[in-house]
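Engineer: My file is start39.txt. It has compact mmCIF, C-alpha atoms and all ligand atoms:
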# COMPACT_ATOMS: atom_id res chain seq x y z
CA MET A 76 210.22 65.26 139.22
CA VAL A 77 212.76 67.03 137.03
CA ALA A 78 212.45 70.80 136.88
CA THR A 79 214.09 72.43 133.88
CA PRO A 80 214.80 76.12 134.17
CA GLY A 81 214.53 78.45 131.17
CA TRP A 82 216.80 81.32 130.16
CA THR A 83 217.01 84.60 132.00
CA LEU A 84 215.87 87.39 129.68
CA ASP A 85 215.51 91.15 129.91
CA GLU A 86 212.13 92.87 129.47
CA GLN A 87 212.51 92.95 125.66
CA GLY A 88 213.05 89.21 125.68
CA ARG A 89 216.78 89.41 124.95
CA ALA A 90 219.14 87.05 126.72
CA MET A 91 221.05 88.72 129.49
CA SER A 92 224.71 89.32 129.00
CA LYS A 93 227.38 91.42 130.63
CA SER A 94 228.47 92.84 127.25
CA ARG A 95 224.93 93.97 126.42
CA GLY A 96 224.71 95.59 129.81
CA ASN A 97 221.20 94.23 130.37
CA ASP A 98 222.10 91.70 133.03
CA VAL A 99 220.64 91.80 136.52
CA ASP A 100 223.19 90.68 139.04
CA PRO A 101 221.52 88.99 142.02
CA VAL A 102 224.47 89.90 144.25
CA ASP A 103 224.14 93.55 143.29
CA ILE A 104 220.36 93.45 143.93
CA ALA A 105 220.94 91.72 147.26
CA ASN A 106 223.45 94.38 148.27
CA ARG A 107 221.22 97.26 147.28
CA MET A 108 217.72 95.95 148.09
CA GLY A 109 218.33 92.99 150.39
CA ALA A 110 218.48 89.24 149.88
CA GLU A 111 214.76 88.92 150.62
CA ILE A 112 214.03 90.80 147.38
CA VAL A 113 216.12 88.36 145.36
CA ARG A 114 214.34 85.40 146.94
CA LEU A 115 210.96 87.02 146.30
CA TRP A 116 211.92 87.65 142.66
CA VAL A 117 212.96 84.02 142.23
CA ALA A 118 209.62 82.98 143.72
CA SER A 119 207.69 85.42 141.52
CA VAL A 120 208.76 83.93 138.20
CA ASP A 121 207.79 80.64 136.65
CA PHE A 122 211.30 79.25 136.44
CA ARG A 123 210.27 76.55 133.95
CA GLU A 124 209.66 79.30 131.40
CA ASP A 125 212.21 81.90 130.32
CA VAL A 126 212.63 84.25 133.24
CA VAL A 127 212.54 88.02 132.96
CA GLY A 128 214.80 90.19 135.07
CA SER A 129 215.27 93.95 134.93
CA GLU A 130 215.85 96.87 137.23
CA LYS A 131 212.22 97.97 136.77
CA LEU A 132 210.92 94.51 137.63
CA MET A 133 213.14 94.45 140.72
CA GLN A 134 211.59 97.73 141.84
CA ARG A 135 208.16 96.15 141.48
CA ILE A 136 209.26 93.14 143.51
CA ALA A 137 210.66 95.46 146.17
CA GLU A 138 207.30 97.20 146.30
CA ALA A 139 205.49 93.86 146.70
CA TYR A 140 207.91 93.00 149.48
CA ARG A 141 207.14 96.28 151.25
CA ASP A 142 203.40 95.63 150.88
CA ILE A 143 203.72 92.23 152.54
CA ARG A 144 205.94 93.60 155.28
CA ASN A 145 203.89 96.73 156.01
CA LYS A 146 200.30 96.07 154.98
CA LEU A 147 200.30 92.55 156.34
CA PHE A 148 202.88 91.92 159.06
CA ARG A 149 203.45 95.40 160.44
CA TYR A 150 199.72 96.09 160.49
CA VAL A 151 198.95 92.82 162.25
CA LEU A 152 201.68 93.31 164.86
CA SER A 153 200.82 96.93 165.54
CA ASN A 154 197.25 95.95 166.38
CA LEU A 155 197.97 93.02 168.66
CA GLU A 156 199.37 94.96 171.58
CA GLY A 157 197.80 93.64 174.77
CA PHE A 158 196.16 90.76 172.88
CA ASP A 159 196.65 87.41 174.58
CA PRO A 160 195.18 84.66 172.37
CA GLY A 161 194.59 82.36 175.34
CA ARG A 162 192.53 85.00 177.11
CA ASP A 163 191.18 87.26 174.35
CA ALA A 164 190.69 85.19 171.17
CA VAL A 165 187.05 85.16 170.09
CA PRO A 166 185.61 81.84 168.85
CA PHE A 167 184.69 81.76 165.16
CA GLU A 168 180.92 81.67 165.70
CA LYS A 169 181.10 84.88 167.75
CA LEU A 170 183.16 86.81 165.21
CA GLN A 171 181.45 89.43 163.07
CA ALA A 172 180.44 88.44 159.55
CA VAL A 173 183.34 90.24 157.89
CA ASP A 174 185.86 88.62 160.25
CA GLN A 175 184.51 85.20 159.35
CA TYR A 176 184.63 86.10 155.69
CA ILE A 177 188.28 87.19 155.70
CA LEU A 178 189.35 84.15 157.76
CA ARG A 179 187.70 81.78 155.30
CA LYS A 180 189.49 83.66 152.49
CA ALA A 181 192.76 83.31 154.41
CA TRP A 182 192.22 79.59 154.83
CA ALA A 183 191.36 79.10 151.14
CA LEU A 184 194.56 80.95 150.26
CA SER A 185 196.57 78.86 152.74
CA ALA A 186 195.30 75.61 151.23
CA ASP A 187 196.21 76.86 147.73
CA VAL A 188 199.67 77.99 148.83
CA ILE A 189 200.46 74.63 150.43
CA GLN A 190 199.38 72.89 147.22
CA TRP A 191 201.53 75.24 145.10
CA TYR A 192 204.61 74.55 147.21
CA GLU A 193 204.13 70.87 146.44
CA GLU A 194 203.92 71.69 142.73
CA PHE A 195 206.93 74.08 142.79
CA ALA A 196 204.53 76.72 141.46
CA PHE A 197 206.10 79.48 143.53
CA HIS A 198 205.03 82.23 141.15
CA LYS A 199 201.40 81.39 141.91
CA ILE A 200 202.12 81.82 145.61
CA TYR A 201 203.70 85.20 144.98
CA HIS A 202 200.78 86.51 142.93
CA ALA A 203 198.00 85.14 145.16
CA VAL A 204 199.61 86.39 148.38
CA ASN A 205 200.18 89.78 146.83
CA HIS A 206 196.54 90.01 145.78
CA PHE A 207 195.31 88.91 149.18
CA VAL A 208 197.46 91.46 151.02
CA VAL A 209 196.79 94.46 148.81
CA VAL A 210 193.19 93.91 147.72
CA GLU A 211 191.40 91.73 150.27
CA LEU A 212 193.26 92.54 153.45
CA SER A 213 194.41 96.13 153.11
CA ALA A 214 191.86 97.76 150.80
CA PHE A 215 188.90 95.79 152.15
CA TYR A 216 189.16 94.17 155.56
CA VAL A 217 191.54 96.58 157.27
CA ASP A 218 189.64 99.54 155.89
CA ILE A 219 186.47 98.20 157.48
CA VAL A 220 187.84 97.11 160.88
CA LYS A 221 189.89 100.27 161.50
CA ASP A 222 186.80 101.71 163.20
CA ARG A 223 186.54 98.79 165.63
CA LEU A 224 190.28 98.61 166.28
CA TYR A 225 190.77 102.31 166.96
CA THR A 226 187.52 103.51 168.50
CA PHE A 227 186.08 100.58 170.47
CA ALA A 228 187.07 99.93 174.08
CA ALA A 229 190.32 97.94 174.27
CA ASP A 230 188.58 94.87 175.66
CA SER A 231 185.30 95.11 173.70
CA PRO A 232 184.11 91.99 171.83
CA GLY A 233 184.19 93.87 168.50
CA ARG A 234 187.83 94.89 168.86
CA ARG A 235 188.84 91.47 170.18
CA ALA A 236 187.11 89.86 167.18
CA ALA A 237 189.11 91.96 164.72
CA GLN A 238 192.31 91.23 166.65
CA THR A 239 191.52 87.52 166.57
CA ALA A 240 191.18 87.60 162.79
CA LEU A 241 194.40 89.60 162.35
CA TRP A 242 196.29 87.32 164.72
CA ARG A 243 195.14 84.17 162.91
CA ILE A 244 195.97 85.69 159.52
CA GLY A 245 199.41 86.79 160.75
CA GLU A 246 200.13 83.33 162.21
CA ALA A 247 199.10 81.60 158.98
CA MET A 248 200.92 83.95 156.60
CA VAL A 249 204.17 84.00 158.53
CA ARG A 250 204.37 80.20 158.34
CA LEU A 251 203.37 80.13 154.68
CA LEU A 252 205.88 82.76 153.60
CA ALA A 253 208.80 81.56 155.75
CA PRO A 254 210.38 79.51 152.92
CA ILE A 255 210.48 82.63 150.71
CA MET A 256 210.91 85.58 153.09
CA SER A 257 213.01 83.70 155.64
CA PHE A 258 214.51 86.59 157.65
CA THR A 259 211.41 88.76 157.66
CA CYS A 260 209.19 85.87 158.76
CA ASP A 261 211.50 84.76 161.52
CA GLU A 262 211.57 88.30 162.85
CA VAL A 263 207.76 88.61 162.68
CA TRP A 264 207.47 85.23 164.42
CA GLN A 265 209.29 86.60 167.46
CA TYR A 266 206.82 89.47 167.81
CA LEU A 267 203.58 87.51 167.35
CA PRO A 268 201.87 86.56 170.64
CA LYS A 269 203.43 83.55 172.31
CA THR A 270 201.19 80.57 172.88
CA ASP A 271 201.81 77.18 174.48
CA SER A 272 203.92 74.67 172.55
CA ARG A 273 204.84 77.27 169.94
CA ALA A 274 208.14 76.61 168.14
CA THR A 275 211.02 78.99 168.90
CA SER A 276 211.60 79.69 165.20
CA VAL A 277 209.10 79.91 162.35
CA HIS A 278 211.35 77.52 160.44
CA LEU A 279 210.49 74.80 162.98
CA ALA A 280 206.76 75.45 162.74
CA ASN A 281 204.34 73.57 160.48
CA PHE A 282 202.21 75.07 157.74
CA PRO A 283 198.80 76.08 159.09
CA GLU A 284 195.84 73.72 159.08
CA ALA A 285 192.21 74.77 158.82
CA ARG A 286 191.81 74.66 162.61
CA ASP A 287 194.74 77.10 163.03
CA VAL A 288 193.11 79.67 160.78
CA LEU A 289 189.44 79.16 161.65
CA GLY A 290 189.44 77.44 165.02
CA GLU A 291 188.77 73.88 166.12
CA GLY A 292 185.79 72.18 164.44
CA VAL A 293 184.88 75.07 162.12
CA PRO A 294 183.99 73.89 158.59
CA ALA A 295 186.61 75.11 156.10
CA ALA A 296 184.00 76.42 153.68
CA ASP A 297 180.45 77.73 153.94
CA ALA A 298 178.75 77.94 150.56
CA GLY A 299 175.84 80.03 151.87
CA GLN A 300 178.14 82.59 153.44
CA GLN A 301 180.21 82.73 150.27
CA GLU A 302 177.11 83.45 148.19
CA ASP A 303 176.01 86.14 150.63
CA TRP A 304 179.37 87.85 150.37
CA ALA A 305 179.45 87.66 146.59
CA LYS A 306 176.21 89.67 146.65
CA LEU A 307 177.33 92.05 149.40
CA LEU A 308 180.57 92.77 147.54
CA ALA A 309 178.67 93.41 144.31
CA VAL A 310 176.52 95.95 146.18
CA ARG A 311 179.61 97.41 147.84
CA ASP A 312 181.21 97.99 144.45
CA GLN A 313 178.16 99.98 143.36
CA VAL A 314 178.12 101.92 146.62
CA LEU A 315 181.82 102.81 146.28
CA LYS A 316 181.18 103.99 142.73
CA ALA A 317 178.26 106.16 143.86
CA LEU A 318 180.37 107.59 146.70
CA GLU A 319 183.15 108.40 144.25
CA GLU A 320 180.70 110.29 142.04
CA ALA A 321 179.32 112.19 145.02
CA ARG A 322 182.88 113.06 146.01
CA ASN A 323 183.66 114.31 142.50
CA GLN A 324 180.58 116.51 142.63
CA LYS A 325 181.75 117.87 146.00
CA GLN A 326 178.59 116.54 147.63
CA ILE A 327 180.67 114.76 150.27
CA GLY A 328 184.30 114.65 151.33
CA LYS A 329 185.25 111.43 153.04
CA SER A 330 182.79 108.57 152.84
CA LEU A 331 181.75 108.84 156.51
CA GLU A 332 180.11 112.15 155.58
CA ALA A 333 177.57 110.16 153.56
CA GLN A 334 174.39 108.25 154.11
CA VAL A 335 173.46 105.69 151.53
CA LYS A 336 170.12 104.35 150.40
CA VAL A 337 170.19 101.05 148.59
CA THR A 338 167.09 100.02 146.68
CA ALA A 339 167.28 96.37 145.76
CA SER A 340 165.13 93.50 144.62
CA ASP A 341 165.83 89.78 144.85
CA PRO A 342 168.38 88.28 145.10
CA PHE A 343 170.08 91.26 146.79
CA TYR A 344 167.35 92.53 149.08
CA PRO A 345 167.10 89.56 151.49
CA VAL A 346 170.89 89.49 151.95
CA LEU A 347 171.09 93.23 152.56
CA GLU A 348 168.26 92.97 155.07
CA ARG A 349 170.01 90.13 156.90
CA TYR A 350 173.36 91.92 157.09
CA LYS A 351 171.84 95.35 157.74
CA PRO A 352 173.78 96.16 160.96
CA ASP A 353 177.05 95.38 159.16
CA LEU A 354 176.39 97.49 156.09
CA ARG A 355 177.42 100.93 157.33
CA TYR A 356 180.76 99.45 158.36
CA ALA A 357 181.20 97.47 155.15
CA PHE A 358 180.51 100.59 153.09
CA ILE A 359 182.35 102.91 155.54
CA VAL A 360 179.48 105.41 155.63
CA SER A 361 177.56 106.79 158.61
CA GLN A 362 174.07 105.53 157.78
CA VAL A 363 172.59 102.93 155.45
CA ASP A 364 168.97 102.51 154.49
CA VAL A 365 167.74 99.48 152.57
CA GLU A 366 164.51 99.42 150.58
CA ARG A 367 162.86 96.72 148.52
CA GLY A 368 162.78 97.68 144.86
CA PRO A 369 160.71 96.46 141.93
CA SER A 370 161.80 93.12 140.49
CA ARG A 371 162.60 93.26 136.78
CA ASN A 372 162.02 89.73 135.56
CA GLY A 373 164.47 88.28 138.03
CA SER A 374 167.48 90.32 136.91
CA GLY A 375 168.22 91.77 140.33
CA HIS A 376 167.51 95.50 140.35
CA LEU A 377 169.98 97.59 142.35
CA ALA A 378 170.15 101.37 142.84
CA VAL A 379 172.26 103.46 145.17
CA GLU A 380 171.56 107.01 146.32
CA VAL A 381 174.06 109.08 148.26
CA ALA A 382 173.17 112.00 150.50
CA LYS A 383 174.87 113.98 153.21
CA ALA A 384 174.81 112.01 156.48
CA ALA A 385 172.28 113.10 159.09
CA GLY A 386 173.44 114.68 162.34
CA LYS A 387 176.87 115.93 163.28
CA GLU A 388 180.32 114.45 163.00
CA CYS A 389 181.64 112.74 166.11
CA GLU A 390 184.97 114.26 167.00
CA ARG A 391 186.42 110.93 168.04
CA CYS A 392 185.35 108.36 165.42
CA TRP A 393 184.38 110.73 162.55
CA ASN A 394 181.07 108.93 162.04
CA TYR A 395 177.99 111.16 161.74
CA SER A 396 175.16 110.71 164.18
CA THR A 397 171.97 112.60 165.01
CA ARG A 398 172.78 111.93 168.65
CA VAL A 399 175.98 113.98 168.77
CA GLY A 400 175.24 116.82 171.20
CA GLU A 401 172.80 114.89 173.42
CA ASP A 402 175.28 114.28 176.21
CA GLN A 403 176.18 117.20 178.48
CA ASP A 404 179.57 115.80 179.48
CA TYR A 405 180.61 114.90 175.94
CA PRO A 406 178.68 117.15 173.56
CA THR A 407 181.00 116.47 170.60
CA LEU A 408 180.84 112.66 170.75
CA CYS A 409 178.45 110.04 169.37
CA GLU A 410 176.48 107.40 171.25
CA ARG A 411 179.07 104.73 170.35
CA CYS A 412 182.01 106.71 171.70
CA ILE A 413 180.50 108.15 174.89
CA PRO A 414 180.40 104.84 176.87
CA VAL A 415 183.96 104.08 175.74
CA VAL A 416 185.31 107.45 176.85
CA ARG A 417 183.34 107.28 180.09
CA GLN A 418 184.87 103.86 180.82
CA ILE A 419 188.39 105.14 180.06
CA ALA A 420 187.81 108.10 182.41
CA ALA A 421 186.50 105.77 185.14
CA ASP A 422 189.50 103.42 184.76
CA GLU A 423 191.88 106.33 184.92
CA SER A 424 190.35 107.78 188.06
CA ALA A 425 190.31 104.32 189.69
CA ALA A 426 193.98 103.91 188.80
CA SER A 427 194.96 107.33 190.15
CA SER A 428 193.04 106.85 193.43
CA LYS A 429 194.92 103.57 193.94
CA SER A 430 198.35 105.14 193.52
ZN ZN B 501 182.00 108.42 167.79
Would you mind writing the structure in this file as structure tokens?

Structural biologist:
Amino acid sequence: MVATPGWTLDEQGRAMSKSRGNDVDPVDIANRMGAEIVRLWVASVDFREDVVGSEKLMQRIAEAYRDIRNKLFRYVLSNLEGFDPGRDAVPFEKLQAVDQYILRKAWALSADVIQWYEEFAFHKIYHAVNHFVVVELSAFYVDIVKDRLYTFAADSPGRRAAQTALWRIGEAMVRLLAPIMSFTCDEVWQYLPKTDSRATSVHLANFPEARDVLGEGVPAADAGQQEDWAKLLAVRDQVLKALEEARNQKQIGKSLEAQVKVTASDPFYPVLERYKPDLRYAFIVSQVDVERGPSRNGSGHLAVEVAKAAGKECERCWNYSTRVGEDQDYPTLCERCIPVVRQIAADESAASSKS
């Protein structure tokens, strides 16, 4: 294969030249922003076309770099403390629905990225990874699992499930991005949990396979699950819109102050009913009610009502519950937090009586 590069142009499409003063000097960018930014810029452009370079574009690339470093790698690493994959990893079938969903997304992305490397289509890698990190991981998955990661007991299945997903995503992404963000990825590699037969450097490791991202024997795709999530995400969009309106009208502040009632007909209702326990977490509200609505000649009726959540706010997890105040020892906590705090207190007193 012969790859022919195009010209390097500025944002107005003019050829770069020193005399015009519109040139972007990679050495200068490397000195000021770091060599990783230059590599990421080179990856971000389709080098077979004319390539655009400018100070403004470099700032955007630097921002994308920071997103990958902070919203992906730093977030993953900061939530894996005390997580030993050999002991704590949760098998795929025991993960929560949203964990399974994001891992299948991560595997689909991995498969695409590997294909794009083979085609020298590095700009596709850049854009798809960026989208995954900012939209699917940070604004969706992380937003939902924060509750489990920060408020569940350290060793609870729910928290271990979220950690498993983050660990697998981190392991996959660090390998996939190593050719582009070489220094960053090698550094991240050192901090990810060590497992048997793991290479000492990310540059000696292979690209991930489906079993690395999903687990041994798990089918790479699940059409039924994908259809379910397409519907759930469509409902979630509507819910987020309704919450935004309620916020604008000062009906609620943060979304956990809300309860949501979704009235839906086929094809949404059966899916919502099936995923009911997951919905309050997927919508990040305190309570969700689902009701079957009238079918309008098969066109899928959907309505969302927002009201103030019932009960009081739990001081610890900020969810609202009608059961806050029931417990004499912990009158400001909810029924989810009380057993966790009680366990922490018991562990602490056991530890102090030992010493
Ligand atoms: Zn709570």

Engineer: For the atom pair atom CA of A:Tyr201 and atom CA of A:Ala139, what is the interatomic distance in Å to one decimal place?

Structural biologist: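 Pair atom CA of A:Tyr201 / atom CA of A:Ala139 returns 9.0 Å.
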
Engineer: Once you count all atoms listed in the file, what closest atom pair and distance in Å to one decimal does each residue of chain A within 9 Å of ligand ZN 501 (chain B) have, with rows by chain and rising residue number, as a Markdown table?

Structural biologist:
| residue | atom | partner | partner_atom | distance |
| --- | --- | --- | --- | --- |
| A:Thr226 | CA | B:ZN501 | ZN | 7.4 |
| A:Glu388 | CA | B:ZN501 | ZN | 7.9 |
| A:Cys389 | CA | B:ZN501 | ZN | 4.6 |
| A:Glu390 | CA | B:ZN501 | ZN | 6.6 |
| A:Arg391 | CA | B:ZN501 | ZN | 5.1 |
| A:Cys392 | CA | B:ZN501 | ZN | 4.1 |
| A:Trp393 | CA | B:ZN501 | ZN | 6.2 |
| A:Asn394 | CA | B:ZN501 | ZN | 5.8 |
| A:Tyr395 | CA | B:ZN501 | ZN | 7.8 |
| A:Ser396 | CA | B:ZN501 | ZN | 8.1 |
| A:Val399 | CA | B:ZN501 | ZN | 8.3 |
| A:Thr407 | CA | B:ZN501 | ZN | 8.6 |
| A:Leu408 | CA | B:ZN501 | ZN | 5.3 |
| A:Cys409 | CA | B:ZN501 | ZN | 4.2 |
| A:Glu410 | CA | B:ZN501 | ZN | 6.6 |
| A:Arg411 | CA | B:ZN501 | ZN | 5.4 |
| A:Cys412 | CA | B:ZN501 | ZN | 4.3 |
| A:Ile413 | CA | B:ZN501 | ZN | 7.3 |

Engineer: So, with only C-alpha atoms as the atoms that count, which of A:Gly368, A:Pro352, A:Gly299, A:Gly386 lies closest to A:Gln334?

Structural biologist: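 When distances to A:Gln334 are compared using only C-alpha atoms, the smallest one comes from A:Gly386.
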
Engineer: Tell me which of A:Pro166, A:Pro283, A:Gly109, A:Gly157 sits closest to A:Arg141, counting only C-alpha atoms.

Structural biologist: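 Using only C-alpha atoms, A:Arg141 sits closest to A:Gly109.
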
Engineer: Counting only C-alpha atoms, I want the residues whose atoms come within 6 Å of (200.1, 90.2, 166.7) in the file frame, returned as a list in words.

Structural biologist: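 Looking at atoms near the point gives Val151, Leu152, Leu155, Trp242, Leu267 and Pro268 of chain A.
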
Engineer: Can you tell me, as number ranges by chain, what residues are no more than 9 Å from A:Arg235 when counting only C-alpha atoms, ignoring any on the same chain fewer than 6 positions away?

Structural biologist: A: 158, 163-165, 170, 223-224, 229

Engineer: Figure out the distance between atom CA of A:Val310 and atom CA of A:Val365, please, to one decimal in Å.

Structural biologist: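 Distance between the two atoms: 11.4 Å.
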
Engineer: Given all atoms listed in the file as the basis, pick out the residue of A:Lys387, A:Ile327, A:Leu252, A:Glu380 nearest to A:Tyr192.

Structural biologist: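 Counting all atoms listed in the file, the residue closest to A:Tyr192 is A:Leu252.
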
Engineer: Excluding same-chain residues fewer than 3 positions from A:Lys146, what lies within 7 Å of it counting only C-alpha atoms, as a PyMOL selection string?

Structural biologist: chain A and resi 142-143+149-150+208+213

Engineer: Please provide as a CSV table (one decimal) with C-alpha atoms, in the coordinates of the input all residues within 8 Å of A:Ala280, with the sequence filter that same-chain residues fewer than 6 positions apart are discarded (counting only C-alpha atoms).

Structural biologist:
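Generated output (result-v1.csv):
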chain,number,residue,atom,x,y,z
A,250,ARG,CA,204.4,80.2,158.3
A,273,ARG,CA,204.8,77.3,169.9
A,274,ALA,CA,208.1,76.6,168.1

Engineer: Residues within 12 Å of stretch 302-306 of chain A, please, as an NGL selection string. Count all atoms listed in the file; anything in the same chain fewer than 3 positions from it doesn't count.

Structural biologist: :A and (172-177 or 179-180 or 296-299 or 309-313 or 339-350 or 353-354 or 357 or 375 or 377)

Engineer: Kindly indicate which residue among A:Val379, A:Ala105, A:Val113, A:Val288 lies nearest to A:Leu178, using all atoms listed in the file for the distances.

Structural biologist: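 So, comparing all the options, the nearest one is A:Val288.
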
Engineer: How far is it from atom CA of A:Leu251 to atom CA of A:Trp116, in Å with one decimal?

Structural biologist: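 If I compute the distance from atom CA of A:Leu251 to atom CA of A:Trp116, I get 16.6 Å.
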
Engineer: If you take every atom of stretch 390-393 of chain A that the file lists and fit an axis-aligned box around them with 4 Å extra on each side, what centre and edge lengths come out in Å to one decimal, as AutoDock Vina command-line options?

Structural biologist:
--center_x 185.4 --center_y 111.3 --center_z 165.3 --size_x 10.0 --size_y 13.9 --size_z 13.5

Engineer: Can you tell me, as a VMD selection string, what residues are no more than 12 Å from A:Tyr140 when counting only C-alpha atoms, ignoring any on the same chain fewer than 5 positions away?

Structural biologist: chain A and resid 108 to 116 118 to 119 133 to 135 145 to 148 201 to 202 204 to 205 208 to 209 252 255 to 256 259 to 260

Engineer: With distances taken over all atoms listed in the file, which of A:Glu366, A:Glu319, A:Asp222, A:Glu138 is nearest to A:Val337?

Structural biologist: A:Glu366

Engineer: Identify the residues within 12 Å of coordinate (205.3, 83.2, 167.9) (same frame as the file), considering all atoms listed in the file, and give the answer as a PyMOL selection string.

Structural biologist: chain A and resi 152+159-160+242-243+245-247+249-250+260-280

Engineer: Using C-alpha atoms, can you export the residues from the last selection as a PDB file, keeping the file's coordinate frame?

Structural biologist:
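For reference, part_9.pdb as written:
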ATOM      1  CA  LEU A 152     201.680  93.310 164.860  1.00  0.00           C
ATOM      2  CA  ASP A 159     196.650  87.410 174.580  1.00  0.00           C
ATOM      3  CA  PRO A 160     195.180  84.660 172.370  1.00  0.00           C
ATOM      4  CA  TRP A 242     196.290  87.320 164.720  1.00  0.00           C
ATOM      5  CA  ARG A 243     195.140  84.170 162.910  1.00  0.00           C
ATOM      6  CA  GLY A 245     199.410  86.790 160.750  1.00  0.00           C
ATOM      7  CA  GLU A 246     200.130  83.330 162.210  1.00  0.00           C
ATOM      8  CA  ALA A 247     199.100  81.600 158.980  1.00  0.00           C
ATOM      9  CA  VAL A 249     204.170  84.000 158.530  1.00  0.00           C
ATOM     10  CA  ARG A 250     204.370  80.200 158.340  1.00  0.00           C
ATOM     11  CA  CYS A 260     209.190  85.870 158.760  1.00  0.00           C
ATOM     12  CA  ASP A 261     211.500  84.760 161.520  1.00  0.00           C
ATOM     13  CA  GLU A 262     211.570  88.300 162.850  1.00  0.00           C
ATOM     14  CA  VAL A 263     207.760  88.610 162.680  1.00  0.00           C
ATOM     15  CA  TRP A 264     207.470  85.230 164.420  1.00  0.00           C
ATOM     16  CA  GLN A 265     209.290  86.600 167.460  1.00  0.00           C
ATOM     17  CA  TYR A 266     206.820  89.470 167.810  1.00  0.00           C
ATOM     18  CA  LEU A 267     203.580  87.510 167.350  1.00  0.00           C
ATOM     19  CA  PRO A 268     201.870  86.560 170.640  1.00  0.00           C
ATOM     20  CA  LYS A 269     203.430  83.550 172.310  1.00  0.00           C
ATOM     21  CA  THR A 270     201.190  80.570 172.880  1.00  0.00           C
ATOM     22  CA  ASP A 271     201.810  77.180 174.480  1.00  0.00           C
ATOM     23  CA  SER A 272     203.920  74.670 172.550  1.00  0.00           C
ATOM     24  CA  ARG A 273     204.840  77.270 169.940  1.00  0.00           C
ATOM     25  CA  ALA A 274     208.140  76.610 168.140  1.00  0.00           C
ATOM     26  CA  THR A 275     211.020  78.990 168.900  1.00  0.00           C
ATOM     27  CA  SER A 276     211.600  79.690 165.200  1.00  0.00           C
ATOM     28  CA  VAL A 277     209.100  79.910 162.350  1.00  0.00           C
ATOM     29  CA  HIS A 278     211.350  77.520 160.440  1.00  0.00           C
ATOM     30  CA  LEU A 279     210.490  74.800 162.980  1.00  0.00           C
ATOM     31  CA  ALA A 280     206.760  75.450 162.740  1.00  0.00           C
TER      32      ALA A 280
END

Engineer: Could you check which of A:Leu241, A:Arg355, A:Ile200, A:Asp187 is closest to A:Pro254, using all atoms listed in the file?

Structural biologist: A:Ile200

Engineer: Could you write stretch 317-329 of chain A as a PDB file, in the coordinates of the input, with N, CA and C atoms rebuilt where they are missing?

Structural biologist:
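File written: part.pdb
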ATOM      1  N   ALA A 317     179.166 105.044 143.590  1.00  0.00           N
ATOM      2  CA  ALA A 317     178.260 106.160 143.860  1.00  0.00           C
ATOM      3  C   ALA A 317     178.917 107.180 144.787  1.00  0.00           C
ATOM      4  N   LEU A 318     179.674 106.685 145.772  1.00  0.00           N
ATOM      5  CA  LEU A 318     180.370 107.590 146.700  1.00  0.00           C
ATOM      6  C   LEU A 318     181.428 108.399 145.957  1.00  0.00           C
ATOM      7  N   GLU A 319     182.123 107.730 145.042  1.00  0.00           N
ATOM      8  CA  GLU A 319     183.150 108.400 144.250  1.00  0.00           C
ATOM      9  C   GLU A 319     182.538 109.530 143.413  1.00  0.00           C
ATOM     10  N   GLU A 320     181.391 109.250 142.820  1.00  0.00           N
ATOM     11  CA  GLU A 320     180.700 110.290 142.040  1.00  0.00           C
ATOM     12  C   GLU A 320     180.296 111.456 142.925  1.00  0.00           C
ATOM     13  N   ALA A 321     179.739 111.128 144.098  1.00  0.00           N
ATOM     14  CA  ALA A 321     179.320 112.190 145.020  1.00  0.00           C
ATOM     15  C   ALA A 321     180.519 113.022 145.463  1.00  0.00           C
ATOM     16  N   ARG A 322     181.650 112.354 145.604  1.00  0.00           N
ATOM     17  CA  ARG A 322     182.880 113.060 146.010  1.00  0.00           C
ATOM     18  C   ARG A 322     183.344 113.981 144.876  1.00  0.00           C
ATOM     19  N   ASN A 323     183.266 113.481 143.655  1.00  0.00           N
ATOM     20  CA  ASN A 323     183.660 114.310 142.500  1.00  0.00           C
ATOM     21  C   ASN A 323     182.775 115.525 142.357  1.00  0.00           C
ATOM     22  N   GLN A 324     181.504 115.374 142.735  1.00  0.00           N
ATOM     23  CA  GLN A 324     180.580 116.510 142.630  1.00  0.00           C
ATOM     24  C   GLN A 324     180.593 117.354 143.892  1.00  0.00           C
ATOM     25  N   LYS A 325     181.578 117.107 144.760  1.00  0.00           N
ATOM     26  CA  LYS A 325     181.750 117.870 146.000  1.00  0.00           C
ATOM     27  C   LYS A 325     180.539 117.791 146.938  1.00  0.00           C
ATOM     28  N   GLN A 326     179.755 116.723 146.773  1.00  0.00           N
ATOM     29  CA  GLN A 326     178.590 116.540 147.630  1.00  0.00           C
ATOM     30  C   GLN A 326     179.047 116.063 149.011  1.00  0.00           C
ATOM     31  N   ILE A 327     180.086 115.245 149.017  1.00  0.00           N
ATOM     32  CA  ILE A 327     180.670 114.760 150.270  1.00  0.00           C
ATOM     33  C   ILE A 327     182.190 114.850 150.155  1.00  0.00           C
ATOM     34  N   GLY A 328     182.854 114.786 151.315  1.00  0.00           N
ATOM     35  CA  GLY A 328     184.300 114.650 151.330  1.00  0.00           C
ATOM     36  C   GLY A 328     184.619 113.191 151.545  1.00  0.00           C
ATOM     37  N   LYS A 329     184.989 112.846 152.779  1.00  0.00           N
ATOM     38  CA  LYS A 329     185.250 111.430 153.040  1.00  0.00           C
ATOM     39  C   LYS A 329     183.934 110.666 153.158  1.00  0.00           C
TER      40      LYS A 329
END
